[in-house]
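Below: the structure, in structure tokens.
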Amino acid sequence: MSQELTRMLDTLTKDIAGAKVTLKRARRMRIDVDADALPALLELLQGRGSYVHLSAISCVDWIDDNQFELVYHVWSYESNSLVSAHTRIPRDPGVYLSIYDLYKPAAFFERDIHEMFGLYFEGSPSMEKFILTEWEGPPPMRKDFDAEAWVRDTFTERDYNPEWLKELTDAGGGIAIRPQDIRK
Amino acid sequence: MIKDIPIIAEQAQQPRRTNPLAHVFDELMNFARSRSLFMLHYCTGCGAIELPPAMTSRFDMERLGIQPMVTPRQADILLVTGYVSIKTLKRIILTYEQMGSPKHVIGICSCTVNGGMYWQSYATAKKLDEYLPVDLYIAGCMPRPEAVISGLQKLIDNIKHGKSDNWKDYYQRYDHYLGNQQHLFGNNWQTPTDVIGEAREYGLFGPQTLGQHTELLESVQKPLQPLEMKL
Ligand code: SF4
């Protein structure tokens, strides 16, 4: 079954330059593809390969390579298999094509990625704020956003040895090992 | 680990009481109050999972006289169960200010104490008592229903002995709380409740009710407009 699936995908993608099909597990395939060929690949997968359900789009920030990786997970109800199409785009300027015309749910995923990574999708119906409506800072999932430093600037740390804890610690309760000793 | 947080502000001037039986009534009222508490549980985080067993037949908090309540205006206890994201914190403050006094805040879970496992998250507020006067923390990730029940018992005890009046602190040191809220939410932060007016009304207007943060609030405050009625 898996053999057939890979063979089918191989035939399907033979016209797409640079597409590479790997079988990860039974009924789970990975296709690496160039950024300009990805919409064509998804169109083939949807139209000819019965992969009609877009489960998610995920994004990975490869800051050392100066690239974003986009992963499109599509599912087929006929062969009950999942294909993940991986592609990489340059981190600057971070603009890519929307696949909203192929898969309608992409609108939400792209809006989410835009909010979390600052990636812009051309042709997506809305690039408004989605969940972080009250967040003013940079896109928080980018690797160059240092959440810990932001927290240190914004909040003060709880005092671990307050007066009132003394009687509890004297009685054997409270914090036995201080957090700073654990991290050492 | 349960501990009540001391009030820092000094007591505002109270009107002199002439009735010799006043403290008897006080004790009676405190007793009655401690035995009939309505609880608004604002289930923000995962800690809320421990509430159903604490409420229902196994641990049964109703035997302590504590019942869930549906609206903030009728509730005595605000139970914040778990991590509070900054967006949620705004709603919690709105809810808290709508509750009628006397009111008590309980922070369940480590996340309300110091951020818990979200200590380095950009999205969650760390210390609940910077923004609201917390009466009691029940620490743990998450605390078992036994801990919740014992925490509530502690609160009942405190109320009975007239010790649990941190809600007065919100009026007496409003400037401090407002300052922390503005620090997190930006300078345009305002709530529909007139806390300063309420402080005057309750006779809880203290020297730290007003300050630089309330001045800032006054300069940005937009008067509330009545909602337009449309059919
Ligand atoms: S303390 Fe633990 S259980 Fe409670 S809200 Fe935080 S992560 Fe969840």
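The way I read the labels, and the way they are meant: chains A, B, ... in the order of the structure tokens, residue 1 as the first residue of every chain, and ligand 1 as the first ligand shown, with later ones counted on from there.
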Could you pull out the residues in range 3-210 of chain B that DSSP calls strand (DSSP E) from the backbone, as a PDB file with all heavy atoms, in the first residue's frame?
```
ATOM      1  N   LEU B  37     -20.947  31.675  51.159  1.00  0.00           N
ATOM      2  CA  LEU B  37     -20.097  32.351  50.177  1.00  0.00           C
ATOM      3  C   LEU B  37     -20.487  31.904  48.778  1.00  0.00           C
ATOM      4  O   LEU B  37     -20.636  30.711  48.522  1.00  0.00           O
ATOM      5  CB  LEU B  37     -18.630  32.005  50.441  1.00  0.00           C
ATOM      6  CG  LEU B  37     -18.056  32.598  51.719  1.00  0.00           C
ATOM      7  CD1 LEU B  37     -16.713  31.971  52.018  1.00  0.00           C
ATOM      8  CD2 LEU B  37     -17.911  34.093  51.587  1.00  0.00           C
ATOM      9  N   PHE B  38     -20.655  32.874  47.932  1.00  0.00           N
ATOM     10  CA  PHE B  38     -20.903  32.555  46.529  1.00  0.00           C
ATOM     11  C   PHE B  38     -19.618  32.778  45.753  1.00  0.00           C
ATOM     12  O   PHE B  38     -18.955  33.790  45.925  1.00  0.00           O
ATOM     13  CB  PHE B  38     -22.032  33.404  45.970  1.00  0.00           C
ATOM     14  CG  PHE B  38     -23.369  32.992  46.487  1.00  0.00           C
ATOM     15  CD1 PHE B  38     -24.040  33.763  47.411  1.00  0.00           C
ATOM     16  CD2 PHE B  38     -23.938  31.815  46.061  1.00  0.00           C
ATOM     17  CE1 PHE B  38     -25.269  33.368  47.891  1.00  0.00           C
ATOM     18  CE2 PHE B  38     -25.166  31.421  46.540  1.00  0.00           C
ATOM     19  CZ  PHE B  38     -25.835  32.199  47.455  1.00  0.00           C
ATOM     20  N   MET B  39     -19.332  31.829  44.930  1.00  0.00           N
ATOM     21  CA  MET B  39     -18.018  31.815  44.308  1.00  0.00           C
ATOM     22  C   MET B  39     -18.153  31.957  42.802  1.00  0.00           C
ATOM     23  O   MET B  39     -18.921  31.245  42.175  1.00  0.00           O
ATOM     24  CB  MET B  39     -17.348  30.500  44.658  1.00  0.00           C
ATOM     25  CG  MET B  39     -16.068  30.243  43.970  1.00  0.00           C
ATOM     26  SD  MET B  39     -15.540  28.581  44.344  1.00  0.00           S
ATOM     27  CE  MET B  39     -16.589  27.663  43.239  1.00  0.00           C
ATOM     28  N   LEU B  40     -17.423  32.906  42.264  1.00  0.00           N
ATOM     29  CA  LEU B  40     -17.356  33.029  40.808  1.00  0.00           C
ATOM     30  C   LEU B  40     -16.026  32.440  40.391  1.00  0.00           C
ATOM     31  O   LEU B  40     -14.986  32.964  40.771  1.00  0.00           O
ATOM     32  CB  LEU B  40     -17.441  34.496  40.408  1.00  0.00           C
ATOM     33  CG  LEU B  40     -17.406  34.761  38.918  1.00  0.00           C
ATOM     34  CD1 LEU B  40     -18.723  34.386  38.305  1.00  0.00           C
ATOM     35  CD2 LEU B  40     -17.102  36.206  38.640  1.00  0.00           C
ATOM     36  N   HIS B  41     -16.052  31.338  39.675  1.00  0.00           N
ATOM     37  CA  HIS B  41     -14.774  30.733  39.300  1.00  0.00           C
ATOM     38  C   HIS B  41     -14.432  31.160  37.890  1.00  0.00           C
ATOM     39  O   HIS B  41     -15.112  30.813  36.945  1.00  0.00           O
ATOM     40  CB  HIS B  41     -14.792  29.214  39.442  1.00  0.00           C
ATOM     41  CG  HIS B  41     -16.087  28.592  39.052  1.00  0.00           C
ATOM     42  ND1 HIS B  41     -17.237  28.779  39.757  1.00  0.00           N
ATOM     43  CD2 HIS B  41     -16.404  27.793  38.021  1.00  0.00           C
ATOM     44  CE1 HIS B  41     -18.211  28.124  39.180  1.00  0.00           C
ATOM     45  NE2 HIS B  41     -17.736  27.526  38.115  1.00  0.00           N
ATOM     46  N   TYR B  42     -13.401  31.910  37.802  1.00  0.00           N
ATOM     47  CA  TYR B  42     -12.938  32.372  36.496  1.00  0.00           C
ATOM     48  C   TYR B  42     -11.890  31.371  36.030  1.00  0.00           C
ATOM     49  O   TYR B  42     -10.732  31.460  36.388  1.00  0.00           O
ATOM     50  CB  TYR B  42     -12.346  33.777  36.623  1.00  0.00           C
ATOM     51  CG  TYR B  42     -12.300  34.484  35.304  1.00  0.00           C
ATOM     52  CD1 TYR B  42     -13.202  35.493  35.016  1.00  0.00           C
ATOM     53  CD2 TYR B  42     -11.367  34.141  34.347  1.00  0.00           C
ATOM     54  CE1 TYR B  42     -13.175  36.121  33.804  1.00  0.00           C
ATOM     55  CE2 TYR B  42     -11.346  34.774  33.132  1.00  0.00           C
ATOM     56  CZ  TYR B  42     -12.251  35.761  32.865  1.00  0.00           C
ATOM     57  OH  TYR B  42     -12.220  36.372  31.660  1.00  0.00           O
ATOM     58  N   ILE B  66     -20.228  26.953  50.390  1.00  0.00           N
ATOM     59  CA  ILE B  66     -19.708  27.648  49.208  1.00  0.00           C
ATOM     60  C   ILE B  66     -20.395  27.099  47.972  1.00  0.00           C
ATOM     61  O   ILE B  66     -20.425  25.895  47.753  1.00  0.00           O
ATOM     62  CB  ILE B  66     -18.195  27.461  49.097  1.00  0.00           C
ATOM     63  CG1 ILE B  66     -17.535  28.058  50.335  1.00  0.00           C
ATOM     64  CG2 ILE B  66     -17.664  28.129  47.859  1.00  0.00           C
ATOM     65  CD1 ILE B  66     -16.060  27.891  50.358  1.00  0.00           C
ATOM     66  N   GLN B  67     -20.951  28.000  47.200  1.00  0.00           N
ATOM     67  CA  GLN B  67     -21.691  27.602  46.014  1.00  0.00           C
ATOM     68  C   GLN B  67     -21.194  28.378  44.812  1.00  0.00           C
ATOM     69  O   GLN B  67     -20.808  29.533  44.958  1.00  0.00           O
ATOM     70  CB  GLN B  67     -23.163  27.947  46.202  1.00  0.00           C
ATOM     71  CG  GLN B  67     -23.994  26.808  46.680  1.00  0.00           C
ATOM     72  CD  GLN B  67     -25.445  27.072  46.420  1.00  0.00           C
ATOM     73  OE1 GLN B  67     -25.833  28.187  46.078  1.00  0.00           O
ATOM     74  NE2 GLN B  67     -26.252  26.059  46.585  1.00  0.00           N
ATOM     75  N   PRO B  68     -21.222  27.773  43.666  1.00  0.00           N
ATOM     76  CA  PRO B  68     -20.896  28.550  42.472  1.00  0.00           C
ATOM     77  C   PRO B  68     -21.977  29.585  42.162  1.00  0.00           C
ATOM     78  O   PRO B  68     -23.153  29.371  42.461  1.00  0.00           O
ATOM     79  CB  PRO B  68     -20.805  27.508  41.361  1.00  0.00           C
ATOM     80  CG  PRO B  68     -21.480  26.307  41.874  1.00  0.00           C
ATOM     81  CD  PRO B  68     -21.426  26.347  43.352  1.00  0.00           C
ATOM     82  N   ILE B  77     -16.602  35.497  46.190  1.00  0.00           N
ATOM     83  CA  ILE B  77     -15.233  35.039  45.953  1.00  0.00           C
ATOM     84  C   ILE B  77     -14.968  35.027  44.461  1.00  0.00           C
ATOM     85  O   ILE B  77     -15.800  34.565  43.686  1.00  0.00           O
ATOM     86  CB  ILE B  77     -15.024  33.602  46.475  1.00  0.00           C
ATOM     87  CG1 ILE B  77     -15.503  33.466  47.906  1.00  0.00           C
ATOM     88  CG2 ILE B  77     -13.582  33.209  46.382  1.00  0.00           C
ATOM     89  CD1 ILE B  77     -15.365  32.053  48.417  1.00  0.00           C
ATOM     90  N   LEU B  78     -13.836  35.550  44.088  1.00  0.00           N
ATOM     91  CA  LEU B  78     -13.385  35.408  42.701  1.00  0.00           C
ATOM     92  C   LEU B  78     -12.252  34.397  42.715  1.00  0.00           C
ATOM     93  O   LEU B  78     -11.214  34.628  43.333  1.00  0.00           O
ATOM     94  CB  LEU B  78     -12.914  36.746  42.144  1.00  0.00           C
ATOM     95  CG  LEU B  78     -12.327  36.717  40.740  1.00  0.00           C
ATOM     96  CD1 LEU B  78     -13.361  36.273  39.736  1.00  0.00           C
ATOM     97  CD2 LEU B  78     -11.813  38.081  40.350  1.00  0.00           C
ATOM     98  N   LEU B  79     -12.483  33.275  42.081  1.00  0.00           N
ATOM     99  CA  LEU B  79     -11.495  32.209  42.074  1.00  0.00           C
ATOM    100  C   LEU B  79     -10.787  32.269  40.732  1.00  0.00           C
ATOM    101  O   LEU B  79     -11.408  32.056  39.703  1.00  0.00           O
ATOM    102  CB  LEU B  79     -12.240  30.891  42.220  1.00  0.00           C
ATOM    103  CG  LEU B  79     -11.578  29.746  42.932  1.00  0.00           C
ATOM    104  CD1 LEU B  79     -11.364  30.102  44.370  1.00  0.00           C
ATOM    105  CD2 LEU B  79     -12.466  28.536  42.844  1.00  0.00           C
ATOM    106  N   VAL B  80      -9.511  32.561  40.738  1.00  0.00           N
ATOM    107  CA  VAL B  80      -8.755  32.587  39.488  1.00  0.00           C
ATOM    108  C   VAL B  80      -7.949  31.307  39.419  1.00  0.00           C
ATOM    109  O   VAL B  80      -7.044  31.091  40.211  1.00  0.00           O
ATOM    110  CB  VAL B  80      -7.840  33.815  39.428  1.00  0.00           C
ATOM    111  CG1 VAL B  80      -7.122  33.856  38.107  1.00  0.00           C
ATOM    112  CG2 VAL B  80      -8.643  35.073  39.631  1.00  0.00           C
ATOM    113  N   THR B  81      -8.318  30.444  38.497  1.00  0.00           N
ATOM    114  CA  THR B  81      -7.739  29.109  38.516  1.00  0.00           C
ATOM    115  C   THR B  81      -6.721  28.956  37.411  1.00  0.00           C
ATOM    116  O   THR B  81      -7.054  28.504  36.334  1.00  0.00           O
ATOM    117  CB  THR B  81      -8.820  28.049  38.316  1.00  0.00           C
ATOM    118  OG1 THR B  81      -9.439  28.312  37.078  1.00  0.00           O
ATOM    119  CG2 THR B  81      -9.841  28.106  39.391  1.00  0.00           C
ATOM    120  N   VAL B  84      -2.861  33.373  33.921  1.00  0.00           N
ATOM    121  CA  VAL B  84      -3.677  34.458  33.407  1.00  0.00           C
ATOM    122  C   VAL B  84      -2.921  35.100  32.267  1.00  0.00           C
ATOM    123  O   VAL B  84      -1.868  35.673  32.480  1.00  0.00           O
ATOM    124  CB  VAL B  84      -3.901  35.543  34.470  1.00  0.00           C
ATOM    125  CG1 VAL B  84      -5.338  35.839  34.600  1.00  0.00           C
ATOM    126  CG2 VAL B  84      -3.320  35.179  35.792  1.00  0.00           C
ATOM    127  N   SER B  85      -3.461  35.007  31.087  1.00  0.00           N
ATOM    128  CA  SER B  85      -2.817  35.722  29.992  1.00  0.00           C
ATOM    129  C   SER B  85      -3.148  37.200  30.138  1.00  0.00           C
ATOM    130  O   SER B  85      -4.086  37.573  30.849  1.00  0.00           O
ATOM    131  CB  SER B  85      -3.300  35.190  28.646  1.00  0.00           C
ATOM    132  OG  SER B  85      -4.587  35.668  28.390  1.00  0.00           O
ATOM    133  N   HIS B 104     -13.513  38.698  47.824  1.00  0.00           N
ATOM    134  CA  HIS B 104     -12.253  38.031  48.110  1.00  0.00           C
ATOM    135  C   HIS B 104     -11.726  37.382  46.838  1.00  0.00           C
ATOM    136  O   HIS B 104     -12.494  36.839  46.062  1.00  0.00           O
ATOM    137  CB  HIS B 104     -12.452  36.968  49.182  1.00  0.00           C
ATOM    138  CG  HIS B 104     -13.242  37.471  50.348  1.00  0.00           C
ATOM    139  ND1 HIS B 104     -12.678  38.207  51.355  1.00  0.00           N
ATOM    140  CD2 HIS B 104     -14.556  37.389  50.638  1.00  0.00           C
ATOM    141  CE1 HIS B 104     -13.614  38.538  52.234  1.00  0.00           C
ATOM    142  NE2 HIS B 104     -14.761  38.066  51.816  1.00  0.00           N
ATOM    143  N   VAL B 105     -10.432  37.460  46.664  1.00  0.00           N
ATOM    144  CA  VAL B 105      -9.809  36.848  45.484  1.00  0.00           C
ATOM    145  C   VAL B 105      -8.940  35.688  45.943  1.00  0.00           C
ATOM    146  O   VAL B 105      -8.143  35.837  46.876  1.00  0.00           O
ATOM    147  CB  VAL B 105      -8.943  37.857  44.712  1.00  0.00           C
ATOM    148  CG1 VAL B 105      -8.349  37.204  43.483  1.00  0.00           C
ATOM    149  CG2 VAL B 105      -9.754  39.053  44.309  1.00  0.00           C
ATOM    150  N   ILE B 106      -9.105  34.547  45.314  1.00  0.00           N
ATOM    151  CA  ILE B 106      -8.233  33.410  45.583  1.00  0.00           C
ATOM    152  C   ILE B 106      -7.501  33.076  44.300  1.00  0.00           C
ATOM    153  O   ILE B 106      -8.111  32.966  43.247  1.00  0.00           O
ATOM    154  CB  ILE B 106      -9.036  32.180  46.048  1.00  0.00           C
ATOM    155  CG1 ILE B 106      -9.809  32.506  47.312  1.00  0.00           C
ATOM    156  CG2 ILE B 106      -8.106  31.020  46.320  1.00  0.00           C
ATOM    157  CD1 ILE B 106     -10.529  31.315  47.882  1.00  0.00           C
ATOM    158  N   GLY B 107      -6.195  32.961  44.397  1.00  0.00           N
ATOM    159  CA  GLY B 107      -5.407  32.529  43.249  1.00  0.00           C
ATOM    160  C   GLY B 107      -5.039  31.076  43.423  1.00  0.00           C
ATOM    161  O   GLY B 107      -4.329  30.715  44.351  1.00  0.00           O
ATOM    162  N   ILE B 108      -5.580  30.241  42.549  1.00  0.00           N
ATOM    163  CA  ILE B 108      -5.246  28.822  42.601  1.00  0.00           C
ATOM    164  C   ILE B 108      -4.134  28.572  41.601  1.00  0.00           C
ATOM    165  O   ILE B 108      -4.109  29.188  40.551  1.00  0.00           O
ATOM    166  CB  ILE B 108      -6.492  27.983  42.255  1.00  0.00           C
ATOM    167  CG1 ILE B 108      -7.493  28.114  43.394  1.00  0.00           C
ATOM    168  CG2 ILE B 108      -6.146  26.545  42.028  1.00  0.00           C
ATOM    169  CD1 ILE B 108      -8.607  27.121  43.332  1.00  0.00           C
ATOM    170  N   THR B 124       1.687  35.668  29.387  1.00  0.00           N
ATOM    171  CA  THR B 124       0.989  35.563  30.665  1.00  0.00           C
ATOM    172  C   THR B 124       1.530  36.555  31.677  1.00  0.00           C
ATOM    173  O   THR B 124       2.718  36.849  31.710  1.00  0.00           O
ATOM    174  CB  THR B 124       1.136  34.152  31.264  1.00  0.00           C
ATOM    175  OG1 THR B 124       2.520  33.874  31.417  1.00  0.00           O
ATOM    176  CG2 THR B 124       0.511  33.105  30.389  1.00  0.00           C
ATOM    177  N   ALA B 125       0.606  37.040  32.500  1.00  0.00           N
ATOM    178  CA  ALA B 125       0.994  37.891  33.617  1.00  0.00           C
ATOM    179  C   ALA B 125       1.540  37.010  34.727  1.00  0.00           C
ATOM    180  O   ALA B 125       1.142  35.854  34.859  1.00  0.00           O
ATOM    181  CB  ALA B 125      -0.208  38.681  34.107  1.00  0.00           C
ATOM    182  N   LEU B 136      -5.701  35.005  49.163  1.00  0.00           N
ATOM    183  CA  LEU B 136      -5.165  33.696  49.491  1.00  0.00           C
ATOM    184  C   LEU B 136      -4.639  33.064  48.216  1.00  0.00           C
ATOM    185  O   LEU B 136      -5.258  33.177  47.177  1.00  0.00           O
ATOM    186  CB  LEU B 136      -6.328  32.851  50.026  1.00  0.00           C
ATOM    187  CG  LEU B 136      -6.027  31.644  50.849  1.00  0.00           C
ATOM    188  CD1 LEU B 136      -5.942  32.076  52.283  1.00  0.00           C
ATOM    189  CD2 LEU B 136      -7.155  30.660  50.699  1.00  0.00           C
ATOM    190  N   TYR B 137      -3.486  32.443  48.336  1.00  0.00           N
ATOM    191  CA  TYR B 137      -2.980  31.654  47.216  1.00  0.00           C
ATOM    192  C   TYR B 137      -3.044  30.187  47.599  1.00  0.00           C
ATOM    193  O   TYR B 137      -2.747  29.833  48.740  1.00  0.00           O
ATOM    194  CB  TYR B 137      -1.520  31.996  46.936  1.00  0.00           C
ATOM    195  CG  TYR B 137      -1.318  33.205  46.076  1.00  0.00           C
ATOM    196  CD1 TYR B 137      -0.518  34.244  46.519  1.00  0.00           C
ATOM    197  CD2 TYR B 137      -1.881  33.290  44.825  1.00  0.00           C
ATOM    198  CE1 TYR B 137      -0.302  35.354  45.735  1.00  0.00           C
ATOM    199  CE2 TYR B 137      -1.671  34.394  44.032  1.00  0.00           C
ATOM    200  CZ  TYR B 137      -0.869  35.417  44.488  1.00  0.00           C
ATOM    201  OH  TYR B 137      -0.648  36.502  43.709  1.00  0.00           O
ATOM    202  N   ILE B 138      -3.413  29.358  46.656  1.00  0.00           N
ATOM    203  CA  ILE B 138      -3.303  27.921  46.860  1.00  0.00           C
ATOM    204  C   ILE B 138      -2.322  27.441  45.815  1.00  0.00           C
ATOM    205  O   ILE B 138      -2.640  27.373  44.632  1.00  0.00           O
ATOM    206  CB  ILE B 138      -4.668  27.227  46.706  1.00  0.00           C
ATOM    207  CG1 ILE B 138      -5.682  27.859  47.666  1.00  0.00           C
ATOM    208  CG2 ILE B 138      -4.536  25.749  46.988  1.00  0.00           C
ATOM    209  CD1 ILE B 138      -7.087  27.372  47.456  1.00  0.00           C
TER     210      ILE B 138
END
```
Problem set entry | Exercise answer, chain B residues close to chain A, 12 Å and only C-alpha atoms, as an MDAnalysis selection string | chainID B and resid 1:6 85:90 110:116 118:131 139:140 180:186 189
Problem set entry | Contacts of Leu12 in chain A at 8 Å (only C-alpha atoms; same-chain gap of 2+ positions) as JSON, numbers by chain | {"A": [8, 9, 10, 14, 15, 44, 45, 48, 49]}
For this session: Write out as an NGL selection string all residues of range 15-231 of chain B that DSSP puts in alpha helix (DSSP H) for this structure's backbone.
Result: :B and (22-34 or 51-55 or 86-98 or 110-114 or 145-160 or 167-172 or 174-185 or 195-202 or 212-220)
Exercise. Between B:Thr44, B:Ser164, B:Gln190, B:Asn19, which has the minimum distance to ligand 1 (counting only C-alpha atoms and all ligand atoms)?
Worked result: B:Thr44
Problem set entry | Top pick for closest residue to Glu110 in chain A, considering A:Ser58, A:Pro139, A:Lys20, A:Glu78 and counting only C-alpha atoms |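 Closest residue, counting only C-alpha atoms: A:Ser58.
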For this session: Tell me which protein, DNA and RNA residues are within 12 Å of range 116-130 of chain A, counting only C-alpha atoms, leaving out same-chain ones fewer than 2 positions away, and put them as an NGL selection string.
Result: :A and (58-63 or 67-70 or 89-114 or 132-145)
Please dump the current selection as a PDB file, in the first residue's frame; keep C-alpha atoms.
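To be explicit, this is the file written out as selection-v9.pdb:
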```pdb
ATOM      1  CA  SER A  58       3.175  25.100  10.087  1.00  0.00           C
ATOM      2  CA  CYS A  59       6.117  27.417  10.029  1.00  0.00           C
ATOM      3  CA  VAL A  60       9.652  26.956  11.303  1.00  0.00           C
ATOM      4  CA  ASP A  61      12.091  29.778  11.751  1.00  0.00           C
ATOM      5  CA  TRP A  62      15.584  28.631  10.677  1.00  0.00           C
ATOM      6  CA  ILE A  63      17.336  31.752  11.779  1.00  0.00           C
ATOM      7  CA  GLN A  67      15.038  30.994   6.060  1.00  0.00           C
ATOM      8  CA  PHE A  68      11.471  30.185   6.990  1.00  0.00           C
ATOM      9  CA  GLU A  69      10.268  26.671   6.415  1.00  0.00           C
ATOM     10  CA  LEU A  70       6.598  26.234   5.560  1.00  0.00           C
ATOM     11  CA  ILE A  89      11.623  30.755   1.629  1.00  0.00           C
ATOM     12  CA  PRO A  90      14.107  33.491   2.476  1.00  0.00           C
ATOM     13  CA  ARG A  91      13.526  35.177   5.817  1.00  0.00           C
ATOM     14  CA  ASP A  92      13.860  38.579   4.153  1.00  0.00           C
ATOM     15  CA  PRO A  93      11.476  39.977   2.990  1.00  0.00           C
ATOM     16  CA  GLY A  94       9.343  37.091   4.230  1.00  0.00           C
ATOM     17  CA  VAL A  95       6.637  37.261   1.594  1.00  0.00           C
ATOM     18  CA  TYR A  96       4.960  34.248   0.078  1.00  0.00           C
ATOM     19  CA  LEU A  97       1.924  33.321  -1.996  1.00  0.00           C
ATOM     20  CA  SER A  98      -1.357  32.461  -0.365  1.00  0.00           C
ATOM     21  CA  ILE A  99      -2.988  29.147  -1.261  1.00  0.00           C
ATOM     22  CA  TYR A 100      -6.410  30.434  -0.282  1.00  0.00           C
ATOM     23  CA  ASP A 101      -7.811  29.801  -3.769  1.00  0.00           C
ATOM     24  CA  LEU A 102      -6.903  26.107  -3.461  1.00  0.00           C
ATOM     25  CA  TYR A 103      -7.755  25.464   0.170  1.00  0.00           C
ATOM     26  CA  LYS A 104     -10.138  27.848   1.938  1.00  0.00           C
ATOM     27  CA  PRO A 105      -9.015  26.987   5.485  1.00  0.00           C
ATOM     28  CA  ALA A 106      -5.605  28.349   4.594  1.00  0.00           C
ATOM     29  CA  ALA A 107      -6.953  31.819   5.401  1.00  0.00           C
ATOM     30  CA  PHE A 108      -6.820  31.084   9.120  1.00  0.00           C
ATOM     31  CA  PHE A 109      -3.479  29.320   9.095  1.00  0.00           C
ATOM     32  CA  GLU A 110      -1.859  32.075   7.067  1.00  0.00           C
ATOM     33  CA  ARG A 111      -3.289  34.755   9.292  1.00  0.00           C
ATOM     34  CA  ASP A 112      -1.948  32.913  12.311  1.00  0.00           C
ATOM     35  CA  ILE A 113       1.514  32.553  10.780  1.00  0.00           C
ATOM     36  CA  HIS A 114       1.496  36.202   9.799  1.00  0.00           C
ATOM     37  CA  LEU A 132      -2.880  38.520  19.760  1.00  0.00           C
ATOM     38  CA  THR A 133      -5.232  41.444  19.251  1.00  0.00           C
ATOM     39  CA  GLU A 134      -3.754  43.344  22.169  1.00  0.00           C
ATOM     40  CA  TRP A 135      -0.108  42.618  21.481  1.00  0.00           C
ATOM     41  CA  GLU A 136       2.039  45.489  20.264  1.00  0.00           C
ATOM     42  CA  GLY A 137       5.472  43.877  20.198  1.00  0.00           C
ATOM     43  CA  PRO A 138       7.252  41.995  17.403  1.00  0.00           C
ATOM     44  CA  PRO A 139       5.866  38.643  16.171  1.00  0.00           C
ATOM     45  CA  PRO A 140       6.582  36.508  19.214  1.00  0.00           C
ATOM     46  CA  MET A 141       7.442  33.174  17.601  1.00  0.00           C
ATOM     47  CA  ARG A 142      10.375  34.529  15.624  1.00  0.00           C
ATOM     48  CA  LYS A 143      13.658  33.255  16.952  1.00  0.00           C
ATOM     49  CA  ASP A 144      15.062  36.771  17.196  1.00  0.00           C
ATOM     50  CA  PHE A 145      12.383  37.766  19.697  1.00  0.00           C
TER      51      PHE A 145
END
```
For this session: Quote the spacing between atom 8 (Fe, counted along the ligand's line) of ligand 1 and CA of Tyr83 in chain B in Å to one decimal place.
Result: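 Rounded to one decimal, the two atoms are 6.3 Å apart.
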